[in-house]
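*Asks:* My questions all concern the structure below.
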Amino acid sequence: MTFTQHLIHKYQHEWRQTQQHPFVQELGQGTLERSKFRFYMIQDYLYLVDYAKLFALGAIKAPDVKTMSEFSASLSNILHEEMGIHRSYAARFGITKEELEHAEPSPITLAYSHYMLHVAQNGGLAELTAALLPCMWSYWEIGRMLQEIPGAVDHPDYGEWVRAYSSEEFGQHAEWCITLMDRLAVGKSESDLARLETIFLNTTRYETMFWEMAYRQQMWL
Ligand SMILES: Cc1ncc(C[n+]2csc(CCO)c2C)c(N)n1
């Protein structure tokens with residue numbers, strides 16, 4: 001069993017929660033309230049700004065030029081492709097540029113993105129990769145799951161989102177991250193692996209908390 005297979009097996013309960021959350025299910029069914037998706041888009045944009053910095057730190061920590069250029073390409077992809085989805089949704093949902101630029105992150109958004117940045121700044125490349133893996137991997141799982149729901153890819157509001165995260169191109173990104181994690185785990189001590197597991201568990205939990213926060217449109221209690 002590879003290290004990443006071990007991770008989703010060990011934390012299968014938490015892993016499934018990311019995919020079974022009502023926000024995700026209703027997004028796929030096309031029944032999600034627009035105001036919930038609007039809230040999500042704004043918070044996700046703020047999250048992505050910090051998330052992108054993780055890839056810049058990955059380029060710094062990369063052990064070779066090939067890995068460095070992969071992190072650099074991903075950084076560019078997030079800034080231009082992934083945030084492009086947000087900008088297109090912003091236009092469609094009446095979110096102005098000013099609203100996006102001046103929006104306040106919720107405590108969950110702050111906690112999640114700052115936790116990842118903390119891990120990335122204080123650990124090595126394996127820790128950084130463990131922190132970002134649930135984000136990449138769970139979205140790919142969700143994209144592929146929702147793609148199977150009749151009408152989901154053609155939904156006027158949410159179809160673009162489903163198409164983006166179920167695409168072949170995005171799948172390659174997610175697989176790159178999974179393979180990198182497995183490669184970096186080789187030869188690690190038991191205690192190092194245990195630390196990587198904990199980081200993966202924490203950011204997997206944060207993924208579900210992020211859906212929950214958006215579902216409740218919760219800035220605060
Ligand atoms: C809370 C939250 N978690 C994960 C993603 C997905 N995501 C963000 S950046 C990226 C990599 C793109 O190359 C992916 C898959 C998101 N948007 N928001």
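Please note that chains go A, B, ... in the order of the structure tokens, that every chain numbers its residues from 1, and that ligands are numbered from 1 in the order shown.
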May I have the residues within 7 Å of segment 118-125 of chain A as an MDAnalysis selection string, using only C-alpha atoms and disregarding those fewer than 4 positions away in the same chain?
*Replies:* chainID A and resid 54 57:58 61:62 114 129
*Asks:* Please produce an output containing N, CA and C atoms for each residue in the selection, written as a PDB file, in the first residue's frame.
*Replies:*
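Saved file selection03.pdb follows:
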ATOM      1  N   LEU A  54       1.708  28.981  -0.814  1.00  0.00           N
ATOM      2  CA  LEU A  54       2.245  27.676  -0.438  1.00  0.00           C
ATOM      3  C   LEU A  54       3.090  27.107  -1.579  1.00  0.00           C
ATOM      4  N   LEU A  57       6.394  28.768  -1.702  1.00  0.00           N
ATOM      5  CA  LEU A  57       7.266  28.164  -0.678  1.00  0.00           C
ATOM      6  C   LEU A  57       7.732  26.775  -1.116  1.00  0.00           C
ATOM      7  N   GLY A  58       6.863  26.068  -1.843  1.00  0.00           N
ATOM      8  CA  GLY A  58       7.237  24.747  -2.368  1.00  0.00           C
ATOM      9  C   GLY A  58       8.400  24.866  -3.341  1.00  0.00           C
ATOM     10  N   LYS A  61      11.520  25.278  -1.380  1.00  0.00           N
ATOM     11  CA  LYS A  61      11.963  24.073  -0.649  1.00  0.00           C
ATOM     12  C   LYS A  61      12.258  22.880  -1.563  1.00  0.00           C
ATOM     13  N   ALA A  62      11.947  23.017  -2.844  1.00  0.00           N
ATOM     14  CA  ALA A  62      12.125  21.881  -3.773  1.00  0.00           C
ATOM     15  C   ALA A  62      13.592  21.456  -3.842  1.00  0.00           C
ATOM     16  N   HIS A 114      -3.969  29.817   7.379  1.00  0.00           N
ATOM     17  CA  HIS A 114      -2.798  30.119   8.220  1.00  0.00           C
ATOM     18  C   HIS A 114      -2.143  28.844   8.751  1.00  0.00           C
ATOM     19  N   THR A 129       3.653  19.364   1.397  1.00  0.00           N
ATOM     20  CA  THR A 129       2.836  18.573   0.456  1.00  0.00           C
ATOM     21  C   THR A 129       1.686  17.877   1.186  1.00  0.00           C
TER      22      THR A 129
END
*Asks:* List all protein, DNA and RNA residues that have any atom at most 7 Å from ligand 1, counting only C-alpha atoms and all ligand atoms, and write the list as a list in words.
*Replies:*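 Those residues are Asp44, Tyr47, Leu48, Tyr51, Ser74, Asn77, Ile78, Glu82, Cys135, Met136, Tyr139, Phe170, His173, Glu207 and Phe210 of chain A.
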*Asks:* Convert the current residue selection to file output with N, CA and C atoms, as a short mmCIF file (atom, residue, chain, number, x, y, z; two decimals), in the first residue's frame.
*Replies:*
data_model
loop_
_atom_site.label_atom_id
_atom_site.label_comp_id
_atom_site.auth_asym_id
_atom_site.auth_seq_id
_atom_site.Cartn_x
_atom_site.Cartn_y
_atom_site.Cartn_z
N ASP A 44 -13.46 31.53 -0.69
CA ASP A 44 -12.51 30.67 -1.40
C ASP A 44 -11.46 31.52 -2.13
N TYR A 47 -9.00 32.44 0.44
CA TYR A 47 -8.22 31.23 0.76
C TYR A 47 -7.15 30.99 -0.30
N LEU A 48 -7.54 31.15 -1.57
CA LEU A 48 -6.62 30.86 -2.67
C LEU A 48 -5.42 31.79 -2.70
N TYR A 51 -3.21 30.20 -0.33
CA TYR A 51 -2.87 28.87 -0.83
C TYR A 51 -1.81 28.96 -1.92
N SER A 74 2.39 25.32 -11.01
CA SER A 74 1.12 25.24 -10.26
C SER A 74 0.73 26.61 -9.71
N ASN A 77 -0.76 28.43 -12.42
CA ASN A 77 -2.06 27.84 -12.71
C ASN A 77 -3.15 28.34 -11.75
N ILE A 78 -2.80 28.42 -10.48
CA ILE A 78 -3.77 28.89 -9.48
C ILE A 78 -4.12 30.35 -9.75
N GLU A 82 -7.35 28.84 -11.81
CA GLU A 82 -8.27 28.60 -10.70
C GLU A 82 -8.96 29.90 -10.26
N CYS A 135 -6.59 19.24 -0.21
CA CYS A 135 -7.24 20.25 -1.04
C CYS A 135 -7.31 19.80 -2.48
N MET A 136 -6.18 19.36 -3.01
CA MET A 136 -6.12 18.93 -4.42
C MET A 136 -6.92 17.66 -4.63
N TYR A 139 -10.90 17.69 -3.97
CA TYR A 139 -11.65 18.38 -5.03
C TYR A 139 -11.74 17.50 -6.28
N PHE A 170 -7.14 18.93 -14.54
CA PHE A 170 -7.09 19.03 -13.09
C PHE A 170 -6.69 17.69 -12.46
N HIS A 173 -3.06 17.35 -12.24
CA HIS A 173 -2.52 18.14 -11.12
C HIS A 173 -2.62 17.37 -9.82
N GLU A 207 -11.05 20.96 5.31
CA GLU A 207 -11.85 20.97 4.08
C GLU A 207 -13.34 20.87 4.43
N PHE A 210 -14.63 23.97 6.01
CA PHE A 210 -14.80 25.04 5.03
C PHE A 210 -16.17 24.91 4.34
#
*Asks:* My list of candidates is A:Ala194, A:Met68, A:Ala90, A:Met209. Which is closest to Asp157 of chain A when distances are computed with only C-alpha atoms?
*Replies:* A:Ala90
*Asks:* Find the residues around Arg144 of chain A up to 10 Å (only C-alpha atoms counted), leave out those fewer than 3 positions away in its own chain, and share them as a PyMOL selection string.
*Replies:* chain A and resi 138-141+147-149+162-163+165-167+171
*Asks:* Choose the residue, out of A:Thr203, A:Arg34, A:Thr4, A:Met219, that has the smallest atom-to-atom separation from Glu175 of chain A; count only C-alpha atoms.
*Replies:*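 Closest candidate: A:Thr4.
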*Asks:* Please list as a list in words every residue within 12 Å of segment 94-102 of chain A, counting only C-alpha atoms and excluding residues in the same chain fewer than 3 positions away.
*Replies:*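 Using only C-alpha atoms, the neighbours found are Arg34, Ser35, Phe37, Arg38, Phe39, Tyr40, Met41, Ile42, Gln43, Asp44, Tyr45, Leu46, Tyr47, Val49, Met83, His86, Arg87, Ser88, Tyr89, Ala90, Ala91 and Pro105 of chain A.
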*Asks:* Would you output that residue set with N, CA and C atoms, as a PDB file, in the first residue's frame?
*Replies:*
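What landed in part.pdb:
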ATOM      1  N   ARG A  34     -28.174  29.865  -4.016  1.00  0.00           N
ATOM      2  CA  ARG A  34     -27.162  30.710  -4.657  1.00  0.00           C
ATOM      3  C   ARG A  34     -26.382  31.544  -3.654  1.00  0.00           C
ATOM      4  N   SER A  35     -27.062  31.986  -2.580  1.00  0.00           N
ATOM      5  CA  SER A  35     -26.364  32.841  -1.603  1.00  0.00           C
ATOM      6  C   SER A  35     -25.248  32.064  -0.894  1.00  0.00           C
ATOM      7  N   PHE A  37     -23.465  29.617  -2.307  1.00  0.00           N
ATOM      8  CA  PHE A  37     -22.359  29.503  -3.261  1.00  0.00           C
ATOM      9  C   PHE A  37     -21.626  30.840  -3.392  1.00  0.00           C
ATOM     10  N   ARG A  38     -22.381  31.918  -3.349  1.00  0.00           N
ATOM     11  CA  ARG A  38     -21.787  33.257  -3.432  1.00  0.00           C
ATOM     12  C   ARG A  38     -20.837  33.480  -2.251  1.00  0.00           C
ATOM     13  N   PHE A  39     -21.304  33.114  -1.068  1.00  0.00           N
ATOM     14  CA  PHE A  39     -20.487  33.252   0.147  1.00  0.00           C
ATOM     15  C   PHE A  39     -19.208  32.422  -0.005  1.00  0.00           C
ATOM     16  N   TYR A  40     -19.379  31.184  -0.477  1.00  0.00           N
ATOM     17  CA  TYR A  40     -18.242  30.268  -0.665  1.00  0.00           C
ATOM     18  C   TYR A  40     -17.213  30.879  -1.612  1.00  0.00           C
ATOM     19  N   MET A  41     -17.677  31.427  -2.730  1.00  0.00           N
ATOM     20  CA  MET A  41     -16.770  31.968  -3.745  1.00  0.00           C
ATOM     21  C   MET A  41     -15.888  33.086  -3.171  1.00  0.00           C
ATOM     22  N   ILE A  42     -16.490  33.942  -2.374  1.00  0.00           N
ATOM     23  CA  ILE A  42     -15.721  35.055  -1.804  1.00  0.00           C
ATOM     24  C   ILE A  42     -14.673  34.522  -0.818  1.00  0.00           C
ATOM     25  N   GLN A  43     -15.089  33.624   0.067  1.00  0.00           N
ATOM     26  CA  GLN A  43     -14.140  33.069   1.043  1.00  0.00           C
ATOM     27  C   GLN A  43     -13.065  32.236   0.343  1.00  0.00           C
ATOM     28  N   ASP A  44     -13.464  31.525  -0.692  1.00  0.00           N
ATOM     29  CA  ASP A  44     -12.508  30.674  -1.396  1.00  0.00           C
ATOM     30  C   ASP A  44     -11.464  31.517  -2.127  1.00  0.00           C
ATOM     31  N   TYR A  45     -11.879  32.670  -2.612  1.00  0.00           N
ATOM     32  CA  TYR A  45     -10.933  33.560  -3.277  1.00  0.00           C
ATOM     33  C   TYR A  45      -9.851  33.994  -2.270  1.00  0.00           C
ATOM     34  N   LEU A  46     -10.295  34.352  -1.073  1.00  0.00           N
ATOM     35  CA  LEU A  46      -9.338  34.777  -0.036  1.00  0.00           C
ATOM     36  C   LEU A  46      -8.414  33.619   0.345  1.00  0.00           C
ATOM     37  N   TYR A  47      -8.998  32.436   0.444  1.00  0.00           N
ATOM     38  CA  TYR A  47      -8.224  31.232   0.761  1.00  0.00           C
ATOM     39  C   TYR A  47      -7.150  30.994  -0.304  1.00  0.00           C
ATOM     40  N   VAL A  49      -5.611  33.017  -2.250  1.00  0.00           N
ATOM     41  CA  VAL A  49      -4.480  33.956  -2.247  1.00  0.00           C
ATOM     42  C   VAL A  49      -3.370  33.408  -1.339  1.00  0.00           C
ATOM     43  N   MET A  83      -8.179  30.968 -10.108  1.00  0.00           N
ATOM     44  CA  MET A  83      -8.787  32.240  -9.725  1.00  0.00           C
ATOM     45  C   MET A  83      -9.641  32.792 -10.864  1.00  0.00           C
ATOM     46  N   HIS A  86     -13.085  31.858 -10.245  1.00  0.00           N
ATOM     47  CA  HIS A  86     -13.679  32.736  -9.234  1.00  0.00           C
ATOM     48  C   HIS A  86     -14.094  34.076  -9.836  1.00  0.00           C
ATOM     49  N   ARG A  87     -13.235  34.601 -10.712  1.00  0.00           N
ATOM     50  CA  ARG A  87     -13.563  35.896 -11.319  1.00  0.00           C
ATOM     51  C   ARG A  87     -14.781  35.765 -12.240  1.00  0.00           C
ATOM     52  N   SER A  88     -14.870  34.624 -12.941  1.00  0.00           N
ATOM     53  CA  SER A  88     -16.017  34.422 -13.823  1.00  0.00           C
ATOM     54  C   SER A  88     -17.307  34.262 -13.001  1.00  0.00           C
ATOM     55  N   TYR A  89     -17.215  33.530 -11.886  1.00  0.00           N
ATOM     56  CA  TYR A  89     -18.383  33.376 -11.005  1.00  0.00           C
ATOM     57  C   TYR A  89     -18.749  34.703 -10.347  1.00  0.00           C
ATOM     58  N   ALA A  90     -17.714  35.474  -9.992  1.00  0.00           N
ATOM     59  CA  ALA A  90     -17.987  36.768  -9.357  1.00  0.00           C
ATOM     60  C   ALA A  90     -18.848  37.611 -10.284  1.00  0.00           C
ATOM     61  N   ALA A  91     -18.479  37.633 -11.562  1.00  0.00           N
ATOM     62  CA  ALA A  91     -19.243  38.429 -12.529  1.00  0.00           C
ATOM     63  C   ALA A  91     -20.688  37.929 -12.593  1.00  0.00           C
ATOM     64  N   PRO A 105     -11.772  37.636   5.656  1.00  0.00           N
ATOM     65  CA  PRO A 105     -11.806  36.177   5.809  1.00  0.00           C
ATOM     66  C   PRO A 105     -12.527  35.783   7.091  1.00  0.00           C
TER      67      PRO A 105
END
*Asks:* Let me make sure I understand: among A:Pro134, A:Pro107, A:Gly30, A:Gly84, which one has the smallest atom-to-atom distance to Leu7 of chain A if we use only C-alpha atoms?
*Replies:*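 Using only C-alpha atoms, Leu7 of chain A sits closest to A:Pro134.
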*Asks:* Quick check, in Å to one decimal: how far apart do atom CA of Gly187 of chain A and atom CA of Val65 of chain A lie?
*Replies:* 21.3 Å
*Asks:* Which one is closest to Gln5 of chain A: A:Gln29, A:Gln17, A:Ser113, A:Thr179? Count only C-alpha atoms.
*Replies:*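 Of the candidates, the smallest distance to Gln5 of chain A is held by A:Thr179.
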*Asks:* Report, in Å to a single decimal, how far apart atom CA of Phe71 of chain A and atom CA of Thr18 of chain A are.
*Replies:* 24.9 Å
*Asks:* For a test of reading the model, state the distance in Å between atom CA of Ala111 of chain A and atom CA of Lys36 of chain A, rounded to one decimal.
*Replies:*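 Going from atom CA of Ala111 of chain A over to atom CA of Lys36 of chain A, I get 20.0 Å.
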*Asks:* Could you pull out the residues in segment 62-200 of chain A that DSSP calls alpha helix (DSSP H) from the backbone, as a VMD selection string?
*Replies:* chain A and resid 65 to 77 83 to 92 97 to 102 107 to 122 125 to 147 159 to 166 168 to 185 190 to 200
